[in-house]
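Printed here is structure23.csv (CSV, C-alpha atoms):
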```csv
chain,number,residue,atom,x,y,z
A,1015,MET,CA,-5.2,-26.2,6.6
A,1016,ILE,CA,-5.6,-28.2,9.8
A,1017,ALA,CA,-8.0,-31.1,10.1
A,1018,GLY,CA,-10.8,-30.9,12.7
A,1019,PRO,CA,-9.5,-30.8,16.3
A,1020,VAL,CA,-9.6,-34.0,18.3
A,1021,GLY,CA,-12.7,-34.1,20.4
A,1022,ALA,CA,-14.0,-30.8,19.1
A,1023,ASN,CA,-17.6,-29.7,19.5
A,1024,PRO,CA,-18.4,-28.1,16.1
A,1025,GLY,CA,-21.0,-25.8,17.7
A,1026,LEU,CA,-18.7,-24.5,20.3
A,1027,LEU,CA,-16.0,-22.6,18.4
A,1028,MET,CA,-15.1,-20.8,15.2
A,1029,PRO,CA,-14.5,-22.9,12.1
A,1030,ALA,CA,-12.6,-26.0,13.2
A,1031,THR,CA,-10.1,-25.6,10.4
A,1032,ALA,CA,-8.7,-22.4,12.1
A,1033,PRO,CA,-5.4,-22.8,14.0
A,1034,GLU,CA,-6.9,-20.8,16.9
A,1035,ALA,CA,-9.9,-23.1,17.1
A,1036,HIS,CA,-7.6,-26.0,17.3
A,1037,LEU,CA,-5.7,-24.3,20.1
A,1038,LEU,CA,-8.8,-23.4,22.0
A,1039,VAL,CA,-10.0,-27.0,21.9
A,1040,ALA,CA,-6.7,-28.0,23.5
A,1041,LEU,CA,-7.2,-25.4,26.2
A,1042,ASP,CA,-10.7,-26.7,26.7
A,1043,HIS,CA,-9.2,-30.1,27.4
A,1044,LEU,CA,-6.5,-28.8,29.7
A,1045,ASN,CA,-9.1,-26.9,31.8
A,1046,ALA,CA,-11.2,-30.0,32.1
A,1047,GLY,CA,-8.1,-32.1,33.2
A,1048,ARG,CA,-7.9,-34.1,29.9
A,1049,ALA,CA,-4.2,-33.8,29.4
A,1050,ASP,CA,-3.9,-36.6,26.9
A,1051,ALA,CA,-6.6,-35.1,24.6
A,1052,ALA,CA,-4.9,-31.7,24.8
A,1053,LEU,CA,-1.6,-33.3,24.0
A,1054,ALA,CA,-3.1,-35.0,20.9
A,1055,ASN,CA,-4.6,-31.7,19.7
A,1056,LEU,CA,-1.4,-29.8,20.2
A,1057,SER,CA,0.7,-32.5,18.6
A,1058,LEU,CA,-1.4,-32.3,15.4
A,1059,LEU,CA,-1.4,-28.5,15.5
A,1060,THR,CA,2.3,-28.1,15.9
A,1061,ARG,CA,2.9,-30.4,12.9
A,1062,GLN,CA,0.4,-28.6,10.7
A,1063,GLN,CA,1.4,-25.1,11.9
A,1064,PRO,CA,5.0,-25.3,13.2
A,1065,ASP,CA,5.4,-21.5,13.3
A,1066,PHE,CA,2.6,-21.1,15.9
A,1067,ARG,CA,4.8,-20.4,18.9
A,1068,LEU,CA,2.1,-20.4,21.5
A,1069,ALA,CA,1.1,-23.9,20.4
A,1070,GLN,CA,4.7,-25.0,20.5
A,1071,TYR,CA,5.2,-23.6,24.0
A,1072,LEU,CA,2.0,-25.4,25.3
A,1073,TYR,CA,3.0,-28.6,23.7
A,1074,ALA,CA,6.5,-28.5,25.2
A,1075,ASN,CA,5.1,-27.8,28.6
A,1076,LEU,CA,2.8,-30.8,28.4
A,1077,LEU,CA,5.6,-33.0,27.3
A,1078,ASP,CA,7.7,-31.8,30.2
A,1079,ALA,CA,4.9,-32.4,32.6
A,1080,ARG,CA,4.3,-35.9,31.3
A,1081,SER,CA,8.0,-36.8,31.5
A,1082,GLY,CA,8.3,-35.6,35.1
A,1083,ARG,CA,11.3,-33.4,34.3
A,1084,PRO,CA,11.9,-30.6,36.8
A,1085,ALA,CA,11.2,-27.0,35.6
A,1086,ARG,CA,14.1,-25.5,33.8
A,1087,GLU,CA,15.7,-22.2,34.9
A,1088,LEU,CA,15.1,-19.6,32.3
A,1089,ALA,CA,17.2,-16.7,31.0
A,1090,PRO,CA,15.6,-13.3,31.6
A,1091,ASP,CA,14.8,-12.9,27.8
A,1092,THR,CA,13.3,-16.3,27.7
A,1093,GLY,CA,11.2,-15.7,30.8
A,1094,ALA,CA,9.9,-12.5,29.3
A,1095,MET,CA,8.9,-14.3,26.1
A,1096,ILE,CA,7.1,-17.0,28.0
A,1097,ALA,CA,5.2,-14.4,30.0
A,1098,SER,CA,4.1,-12.9,26.7
A,1099,LEU,CA,3.0,-16.2,25.3
A,1100,ARG,CA,1.0,-16.9,28.5
A,1101,SER,CA,-0.6,-13.5,28.0
A,1102,GLU,CA,-1.5,-14.5,24.4
A,1103,ALA,CA,-3.1,-17.7,25.7
A,1104,GLN,CA,-5.1,-15.8,28.3
A,1105,ARG,CA,-6.4,-13.3,25.8
A,1106,ARG,CA,-7.4,-16.0,23.3
A,1107,TRP,CA,-9.0,-18.0,26.1
A,1108,ALA,CA,-10.9,-14.9,27.5
A,1109,HIS,CA,-12.4,-14.4,24.1
A,1110,ARG,CA,-13.4,-18.0,24.0
A,1111,LEU,CA,-15.2,-17.6,27.3
A,1112,GLY,CA,-16.8,-14.3,26.3
A,1113,ARG,CA,-18.1,-15.4,22.9
A,1114,GLY,CA,-21.9,-15.2,22.4
A,1115,MET,CA,-22.3,-11.5,21.8
A,1116,ASN,CA,-25.3,-12.0,19.4
A,1117,GLY,CA,-27.2,-8.8,19.1
A,1118,LEU,CA,-24.6,-6.7,20.8
A,1119,ILE,CA,-22.4,-4.1,19.2
A,1120,PRO,CA,-19.6,-1.8,20.4
A,1121,GLN,CA,-21.1,1.4,21.9
A,1122,SER,CA,-18.7,3.5,19.8
A,1123,LEU,CA,-20.8,2.7,16.7
A,1124,LEU,CA,-23.9,4.9,16.3
A,1125,THR,CA,-24.6,5.5,12.6
A,1126,LEU,CA,-23.0,4.4,9.4
A,1127,PRO,CA,-24.1,5.4,5.9
A,1128,ARG,CA,-25.5,2.7,3.7
A,1129,LYS,CA,-22.5,2.9,1.3
A,1130,PHE,CA,-20.2,1.8,4.1
A,1131,ARG,CA,-20.5,-2.0,3.9
A,1132,TYR,CA,-18.2,-2.8,6.7
A,1133,VAL,CA,-16.5,-1.3,9.8
A,1134,VAL,CA,-13.5,-2.6,11.7
A,1135,VAL,CA,-13.3,-2.3,15.5
A,1136,VAL,CA,-10.2,-3.4,17.5
A,1137,ASP,CA,-10.5,-4.1,21.2
A,1138,LEU,CA,-6.9,-3.2,22.1
A,1139,SER,CA,-6.9,-4.5,25.7
A,1140,ALA,CA,-8.4,-7.8,24.5
A,1141,SER,CA,-6.2,-8.2,21.5
A,1142,ARG,CA,-9.2,-8.7,19.2
A,1143,LEU,CA,-10.2,-7.3,15.8
A,1144,TYR,CA,-13.8,-7.4,14.8
A,1145,VAL,CA,-15.4,-6.9,11.4
A,1146,PHE,CA,-19.1,-5.8,11.3
A,1147,GLU,CA,-21.3,-5.7,8.3
A,1148,ASN,CA,-23.6,-2.7,7.9
A,1149,THR,CA,-27.0,-4.3,6.9
A,1150,PRO,CA,-30.5,-2.8,6.6
A,1151,GLU,CA,-31.4,-4.7,9.7
A,1152,GLY,CA,-28.4,-3.3,11.7
A,1153,LEU,CA,-24.8,-4.2,12.3
A,1154,ARG,CA,-23.8,-7.9,12.1
A,1155,LEU,CA,-20.6,-9.5,13.3
A,1156,VAL,CA,-19.0,-11.3,10.3
A,1157,ARG,CA,-15.6,-12.3,11.6
A,1158,ASP,CA,-13.1,-11.7,14.4
A,1159,HIS,CA,-9.4,-12.4,14.9
A,1160,TYR,CA,-6.6,-12.3,17.5
A,1161,SER,CA,-4.3,-9.3,17.0
A,1162,SER,CA,-1.2,-7.8,18.5
A,1163,ILE,CA,-0.7,-4.1,19.4
A,1164,GLY,CA,2.1,-1.7,20.4
A,1165,ARG,CA,4.9,-3.0,22.6
A,1166,ALA,CA,4.2,-0.3,25.1
A,1167,GLY,CA,0.5,-0.8,25.2
A,1168,ILE,CA,-2.5,1.6,24.6
A,1169,GLY,CA,-2.8,5.3,24.2
A,1170,LYS,CA,-0.3,6.8,21.7
A,1171,GLU,CA,1.0,10.3,22.6
A,1172,VAL,CA,4.3,11.0,20.9
A,1173,GLU,CA,6.2,9.6,18.0
A,1174,GLY,CA,8.2,6.5,18.8
A,1175,ASP,CA,6.4,5.7,22.1
A,1176,GLY,CA,5.5,2.2,20.9
A,1177,ARG,CA,1.8,2.7,21.8
A,1178,THR,CA,-1.3,2.1,19.7
A,1179,PRO,CA,-3.7,5.1,19.5
A,1180,VAL,CA,-7.3,5.1,20.6
A,1181,GLY,CA,-9.7,6.8,18.3
A,1182,ILE,CA,-11.8,6.9,15.1
A,1183,TYR,CA,-9.8,6.4,11.9
A,1184,HIS,CA,-10.2,5.4,8.3
A,1185,VAL,CA,-8.2,3.2,6.0
A,1186,THR,CA,-6.3,5.3,3.5
A,1187,GLU,CA,-4.7,2.7,1.1
A,1188,TYR,CA,-3.6,-0.9,0.7
A,1189,LEU,CA,0.1,-1.8,0.6
A,1190,ASP,CA,1.0,-5.1,-0.9
A,1191,GLY,CA,3.3,-7.2,1.2
A,1192,LYS,CA,5.6,-8.0,-1.8
A,1193,ALA,CA,6.7,-4.3,-1.7
A,1194,LEU,CA,7.2,-4.2,2.1
A,1195,PRO,CA,9.8,-5.5,4.5
A,1196,ASP,CA,9.0,-9.0,5.8
A,1197,LEU,CA,8.1,-7.5,9.2
A,1198,TYR,CA,4.7,-6.5,7.7
A,1199,GLY,CA,3.9,-10.0,6.3
A,1200,ALA,CA,1.1,-10.2,3.8
A,1201,GLY,CA,0.5,-6.4,3.5
A,1202,ALA,CA,-0.8,-3.4,5.3
A,1203,TYR,CA,-3.8,-1.0,5.6
A,1204,PRO,CA,-2.5,2.4,6.8
A,1205,VAL,CA,-5.0,4.5,8.7
A,1206,ASP,CA,-5.2,8.3,9.0
A,1207,TYR,CA,-3.6,8.8,12.4
A,1208,PRO,CA,-3.3,11.5,13.7
A,1209,ASN,CA,-6.9,12.7,13.4
A,1210,ALA,CA,-8.1,16.2,14.3
A,1211,TRP,CA,-8.7,15.2,17.9
A,1212,ASP,CA,-5.2,13.8,18.2
A,1213,ARG,CA,-3.8,17.0,16.8
A,1214,ARG,CA,-5.8,19.1,19.2
A,1215,LEU,CA,-4.2,17.2,22.1
A,1216,GLY,CA,-0.7,17.5,20.6
A,1217,ARG,CA,-0.3,13.9,19.8
A,1218,THR,CA,2.5,13.1,17.3
A,1219,GLY,CA,3.6,10.2,15.2
A,1220,TYR,CA,2.6,8.5,12.0
A,1221,GLY,CA,2.5,5.2,10.2
A,1222,ILE,CA,-0.2,3.4,12.2
A,1223,TRP,CA,-1.2,0.4,10.1
A,1224,VAL,CA,-3.2,-2.8,10.3
A,1225,HIS,CA,-0.8,-5.3,8.9
A,1226,GLY,CA,0.4,-8.9,8.8
A,1227,VAL,CA,3.3,-10.7,10.6
A,1228,PRO,CA,6.8,-11.9,9.6
A,1229,SER,CA,6.8,-15.0,7.4
A,1230,ASP,CA,8.5,-17.1,10.1
A,1231,THR,CA,5.7,-16.8,12.7
A,1232,PHE,CA,2.0,-17.6,12.8
A,1233,SER,CA,1.2,-14.7,15.2
A,1234,ARG,CA,2.9,-12.2,17.5
A,1235,VAL,CA,2.5,-11.9,21.2
A,1236,PRO,CA,0.0,-9.3,22.4
A,1237,LEU,CA,2.4,-6.4,22.9
A,1238,ALA,CA,4.8,-6.6,19.9
A,1239,SER,CA,4.5,-3.9,17.3
A,1240,GLU,CA,5.7,-0.3,17.2
A,1241,GLY,CA,2.1,0.9,17.5
A,1242,CYS,CA,0.3,-0.9,14.7
A,1243,VAL,CA,-2.3,-3.7,14.8
A,1244,ALA,CA,-0.8,-7.0,13.6
A,1245,LEU,CA,-2.7,-10.1,12.5
A,1246,ALA,CA,-1.7,-13.6,11.4
A,1247,ASN,CA,-1.1,-13.4,7.6
A,1248,VAL,CA,-4.0,-15.8,6.9
A,1249,ASP,CA,-6.3,-13.5,8.9
A,1250,PHE,CA,-4.9,-10.4,7.3
A,1251,ARG,CA,-5.6,-11.8,3.8
A,1252,GLY,CA,-9.1,-12.6,4.9
A,1253,LEU,CA,-9.8,-8.9,5.5
A,1254,ALA,CA,-9.5,-8.1,1.8
A,1255,PRO,CA,-13.3,-8.4,0.9
A,1256,PHE,CA,-14.2,-6.2,3.8
A,1257,ILE,CA,-11.9,-3.2,3.5
A,1258,LYS,CA,-12.2,-0.4,1.0
A,1259,PRO,CA,-9.3,2.0,1.1
A,1260,GLY,CA,-10.4,5.6,1.4
A,1261,GLU,CA,-13.6,4.6,3.1
A,1262,THR,CA,-13.6,1.8,5.7
A,1263,PRO,CA,-13.7,3.0,9.3
A,1264,VAL,CA,-11.2,1.5,11.8
A,1265,VAL,CA,-12.2,2.2,15.4
A,1266,LEU,CA,-9.4,1.6,17.9
A,1267,VAL,CA,-11.0,1.1,21.4
A,1268,ASP,CA,-9.1,0.7,24.7
A,1269,ALA,CA,-11.8,-1.7,25.9
A,1270,ILE,CA,-15.1,-2.4,24.0
A,1271,GLN,CA,-18.3,-1.8,25.9
A,1272,TRP,CA,-20.9,-4.1,24.3
A,1273,VAL,CA,-24.5,-2.7,24.1
A,1274,ARG,CA,-27.7,-3.5,22.3
A,1275,GLU,CA,-27.9,-1.6,19.1
A,1276,SER,CA,-31.3,-0.2,20.1
A,1277,ASP,CA,-29.6,1.4,23.2
A,1278,SER,CA,-27.8,3.8,21.0
A,1279,ASP,CA,-30.7,4.8,18.8
A,1280,LEU,CA,-31.9,7.8,20.9
A,1281,LEU,CA,-28.3,9.1,21.3
A,1282,ALA,CA,-27.7,8.8,17.5
A,1283,ALA,CA,-31.0,10.5,16.7
A,1284,SER,CA,-30.2,13.4,19.1
A,1285,LEU,CA,-26.8,14.0,17.6
A,1286,ARG,CA,-28.1,13.7,14.0
A,1287,SER,CA,-30.7,16.3,14.9
A,1288,GLN,CA,-28.0,18.6,16.2
A,1289,VAL,CA,-26.0,18.3,13.0
A,1290,MET,CA,-29.0,19.1,10.9
A,1291,GLN,CA,-29.9,22.1,13.0
A,1292,TRP,CA,-26.3,23.3,12.7
A,1293,ARG,CA,-26.7,23.0,8.9
A,1294,ARG,CA,-30.0,25.0,8.9
A,1295,ASP,CA,-28.5,27.7,11.1
A,1296,TRP,CA,-25.6,28.1,8.7
A,1297,GLU,CA,-27.9,28.3,5.7
A,1298,SER,CA,-30.0,31.0,7.5
A,1299,LEU,CA,-26.9,33.3,7.6
A,1300,ASP,CA,-27.9,34.0,11.2
A,1301,THR,CA,-24.3,33.9,12.4
A,1302,ASP,CA,-25.2,34.2,16.1
A,1303,ALA,CA,-27.4,31.1,15.9
A,1304,TYR,CA,-24.7,29.3,13.9
A,1305,LEU,CA,-22.0,30.2,16.4
A,1306,ALA,CA,-24.1,29.1,19.3
A,1307,HIS,CA,-23.3,25.5,18.3
A,1308,TYR,CA,-19.6,26.0,19.1
A,1309,ALA,CA,-18.1,25.6,22.6
A,1310,GLU,CA,-16.0,28.3,24.2
A,1311,ASP,CA,-12.9,26.1,24.0
A,1312,PHE,CA,-13.6,25.3,20.3
A,1313,SER,CA,-10.7,25.2,17.8
A,1314,ALA,CA,-10.4,24.5,14.1
A,1315,GLU,CA,-7.3,24.2,12.0
A,1316,GLY,CA,-5.3,26.8,14.0
A,1317,MET,CA,-8.2,29.1,15.0
A,1318,ASP,CA,-9.6,29.5,18.4
A,1319,ARG,CA,-13.3,30.3,18.8
A,1320,ALA,CA,-12.8,34.1,18.7
A,1321,ALA,CA,-10.8,33.9,15.4
A,1322,PHE,CA,-13.3,31.4,14.0
A,1323,ALA,CA,-16.2,33.7,14.9
A,1324,GLU,CA,-14.6,36.7,13.3
A,1325,HIS,CA,-13.9,34.7,10.1
A,1326,LYS,CA,-17.4,33.4,9.9
A,1327,ARG,CA,-19.0,36.9,10.4
A,1328,LEU,CA,-16.8,38.2,7.5
A,1329,VAL,CA,-17.7,35.3,5.2
A,1330,ASN,CA,-21.4,35.3,6.0
A,1331,GLY,CA,-21.6,39.1,5.6
A,1332,ALA,CA,-20.4,38.8,2.0
A,1333,ARG,CA,-22.9,36.1,1.1
A,1334,SER,CA,-26.4,36.5,-0.3
A,1335,PHE,CA,-27.3,32.8,0.2
A,1336,VAL,CA,-25.7,29.6,1.5
A,1337,GLN,CA,-26.9,26.0,0.7
A,1338,ILE,CA,-25.3,23.1,2.6
A,1339,GLU,CA,-25.9,19.5,1.7
A,1340,ILE,CA,-24.8,16.7,4.0
A,1341,ASN,CA,-24.2,13.1,2.7
A,1342,ASP,CA,-22.8,9.9,4.0
A,1343,LEU,CA,-23.2,10.8,7.7
A,1344,GLU,CA,-21.1,8.8,10.2
A,1345,LEU,CA,-21.7,9.1,13.9
A,1346,TYR,CA,-19.5,7.6,16.6
A,1347,ARG,CA,-19.0,7.8,20.4
A,1348,TYR,CA,-15.3,8.6,20.8
A,1349,PRO,CA,-13.5,5.9,22.8
A,1350,GLY,CA,-11.0,6.4,25.6
A,1351,VAL,CA,-12.2,9.8,26.9
A,1352,GLU,CA,-13.8,10.6,30.2
A,1353,GLU,CA,-16.2,13.2,28.8
A,1354,LEU,CA,-19.1,12.3,26.4
A,1355,LEU,CA,-17.4,13.0,23.1
A,1356,PHE,CA,-18.8,12.1,19.7
A,1357,VAL,CA,-17.7,12.4,16.1
A,1358,ALA,CA,-19.9,13.4,13.2
A,1359,ARG,CA,-18.2,12.8,9.8
A,1360,PHE,CA,-19.8,13.6,6.5
A,1361,ARG,CA,-19.5,14.8,2.9
A,1362,GLN,CA,-20.4,18.4,2.8
A,1363,GLN,CA,-21.4,20.3,-0.3
A,1364,TYR,CA,-21.3,24.1,0.1
A,1365,VAL,CA,-22.9,26.4,-2.5
A,1366,SER,CA,-23.0,30.2,-2.2
A,1367,ASP,CA,-23.0,33.0,-4.8
A,1368,ASP,CA,-20.0,32.1,-7.0
A,1369,LEU,CA,-18.6,29.2,-4.9
A,1370,LEU,CA,-19.2,25.5,-5.0
A,1371,ARG,CA,-17.1,23.3,-2.7
A,1372,GLU,CA,-17.3,19.7,-1.6
A,1373,ALA,CA,-15.2,18.1,1.1
A,1374,THR,CA,-15.2,15.7,4.0
A,1375,LYS,CA,-15.8,17.3,7.4
A,1376,SER,CA,-15.3,15.9,10.9
A,1377,GLN,CA,-16.9,17.5,13.9
A,1378,TYR,CA,-16.2,16.6,17.5
A,1379,TRP,CA,-19.3,17.1,19.6
A,1380,ARG,CA,-19.4,17.2,23.4
A,1381,LEU,CA,-22.5,16.3,25.4
A,1382,THR,CA,-22.3,18.4,28.5
A,1383,PRO,CA,-23.5,17.3,31.9
A,1384,ASP,CA,-26.6,19.6,31.6
A,1385,GLY,CA,-27.6,17.9,28.3
A,1386,ARG,CA,-26.3,20.5,25.8
A,1387,TRP,CA,-24.5,19.6,22.5
A,1388,GLU,CA,-21.5,21.7,21.5
A,1389,ILE,CA,-18.8,21.4,18.9
A,1390,VAL,CA,-15.3,21.5,20.3
A,1391,GLU,CA,-13.2,20.6,17.2
A,1392,GLU,CA,-13.8,20.7,13.5
A,1393,ALA,CA,-11.7,19.7,10.5
A,1394,THR,CA,-12.1,19.6,6.7
A,1395,GLY,CA,-10.3,17.4,4.3
```
Whole structure given in structure tokens:
Amino acid sequence: MIAGPVGANPGLLMPATAPEAHLLVALDHLNAGRADAALANLSLLTRQQPDFRLAQYLYANLLDARSGRPARELAPDTGAMIASLRSEAQRRWAHRLGRGMNGLIPQSLLTLPRKFRYVVVVDLSASRLYVFENTPEGLRLVRDHYSSIGRAGIGKEVEGDGRTPVGIYHVTEYLDGKALPDLYGAGAYPVDYPNAWDRRLGRTGYGIWVHGVPSDTFSRVPLASEGCVALANVDFRGLAPFIKPGETPVVLVDAIQWVRESDSDLLAASLRSQVMQWRRDWESLDTDAYLAHYAEDFSAEGMDRAAFAEHKRLVNGARSFVQIEINDLELYRYPGVEELLFVARFRQQYVSDDLLREATKSQYWRLTPDGRWEIVEEATG
């Protein structure tokens, strides 16, 4: 671990033992014109963390400037790498300037069940991963880390495009780094891309993970992976207490919109009320009332609305009663779409005549310009 940065203000940054905190103090000094203090910080940082390439680049630049040597002509590959390192510095610095989000949360987070202790949100354009704790008093930011994303940027569409998807996902498992190629560093948390909305839009691909970095580098430049989210190995290991495979949500956002949690309360209450009315209409066996919740362009697992309606009329006509129980309700505002799209995800228990079935259901609700809620996509499993 690195000793406290030279000239650091303990109240200004994250823990002073973190390499990033050390780097940010050096950038503080540089922006204030204190080149000698910045050089001292970077000298210590590069000795303690020699695989931190951004720190090495900044240190070499300062040494060149102090020596008065003319700027060197760079090969194209080297120039591209330096541009990437500068982008990394800018993103880390932008986070430093934007810190102080006490009481604010990403607008994508509406409701989490009590059993979900934590949620992960990644701001893809800012190269930042956040972990929030779900407390009785509301969501609380517990840690954040610099992260890299796909080499081609944001918005995955097809397999092999090198982009990181935008959407609502969940961790499926943990993969130990000892059983993986060195590219993935300390390990990986795969997520369930593609989700039902991705499939509706014809998006393809697989293997979207949150993972570590190769053993010979502290961190990767902002656009570096094949579509995954990559963190420094020390930061990846630090996620372990906060991620539960099969449960923890991972929200990949193109650019986080920060709001007060109370700003989302009315929206969450309105959507929750719609989900519960949908449940009551299903239990009533009034198929017309039930189908009224579904948009004209609705689809579900290969069925359009007409086929879905015919199926439901046949099923309900054969039932004398239906009981639906909803547990562990999650509500999100879907990121990266122009329309007002929301996700309701829950454990559903269905009981009727001779059938008892329990499964996880995801519904994609649209809030229309005239204020109506309608389901446009639904998936079970």
Test item: residues at most 8 Å from A:Phe1312, all atoms listed in the file, excluding those fewer than 3 positions along its chain, as a ChimeraX atom specification:
/A:1308-1309,1318-1319,1389-1391
Go ahead and write the residues just picked, C-alpha atoms, as an mmCIF file, in the frame of the given file.
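The new file result_8.cif reads:
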```cif
data_model
loop_
_atom_site.group_PDB
_atom_site.id
_atom_site.type_symbol
_atom_site.label_atom_id
_atom_site.label_comp_id
_atom_site.auth_asym_id
_atom_site.auth_seq_id
_atom_site.Cartn_x
_atom_site.Cartn_y
_atom_site.Cartn_z
ATOM 1 C CA TYR A 1308 -19.600 26.000 19.100
ATOM 2 C CA ALA A 1309 -18.100 25.600 22.600
ATOM 3 C CA ASP A 1318 -9.600 29.500 18.400
ATOM 4 C CA ARG A 1319 -13.300 30.300 18.800
ATOM 5 C CA ILE A 1389 -18.800 21.400 18.900
ATOM 6 C CA VAL A 1390 -15.300 21.500 20.300
ATOM 7 C CA GLU A 1391 -13.200 20.600 17.200
#
```
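Using all atoms listed in the file, the smallest distance between any of A:Leu1123, A:Val1248, A:Leu1266, A:Ala1283 and A:Val1205 comes from A:Leu1266.
Computed from the coordinates, the atom CA of A:Asn1148 to atom CA of A:Gly1260 distance equals 16.9 Å.
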I need the residue nearest A:Gly1181 from this list: A:Ala1254, A:Ala1269, A:Ala1094, A:Val1039. Use all atoms listed in the file for the distance.
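With all atoms listed in the file as the atom set, the closest residue is A:Ala1269.
Nearest-residue note for A:Gly1117: choosing from A:Leu1153, A:Leu1138, A:Leu1072, A:Ala1282, the minimum distance belongs to A:Leu1153, counting only C-alpha atoms.
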Option closest in space to A:Val1243, from A:Glu1392, A:Glu1173, A:Glu1151, A:Asp1137 [counting all atoms listed in the file]
A:Asp1137
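Interatomic distance, atom CA of A:Ile1257 against atom CA of A:Trp1107: 27.2 Å.
Remark: for A:Phe1335, the closest of the candidate residues A:Leu1299, A:Ala1049, A:Ala1320, A:Ala1246 is A:Leu1299 (distances computed over all atoms listed in the file).
Between atom CA of A:Val1336 and atom CA of A:Asp1368 there is a distance of 10.5 Å.
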For A:Tyr1348: contacts at 10 Å, all atoms listed in the file, fewer than 6 positions along chain excluded, given as a ChimeraX atom specification
/A:1121-1123,1180-1182,1211,1265-1267,1354-1357,1378-1380
List the spatial neighbours of A:Pro1127 as a PyMOL selection string - criterion: any atom at most 7 Å away, all atoms listed in the file, same-chain residues fewer than 5 positions off excluded.
chain A and resi 1342-1344
Excluding same-chain residues fewer than 2 positions from A:Gly1174, what lies within 8 Å of it counting only C-alpha atoms, as a compact mmCIF listing (two decimals) with C-alpha atoms, keeping the file's coordinate frame?
```txt
# COMPACT_ATOMS: atom_id res chain seq x y z
CA VAL A 1172 4.30 11.00 20.90
CA GLY A 1176 5.50 2.20 20.90
CA GLY A 1219 3.60 10.20 15.20
CA GLU A 1240 5.70 -0.30 17.20
```
Could you pull out every residue with an atom within 8 Å of (-8.1, -12.6, 15.5), file coordinates, counting only C-alpha atoms, and send them as an MDAnalysis selection string?
chainID A and resid 1141:1144 1158:1161 1245:1246 1249
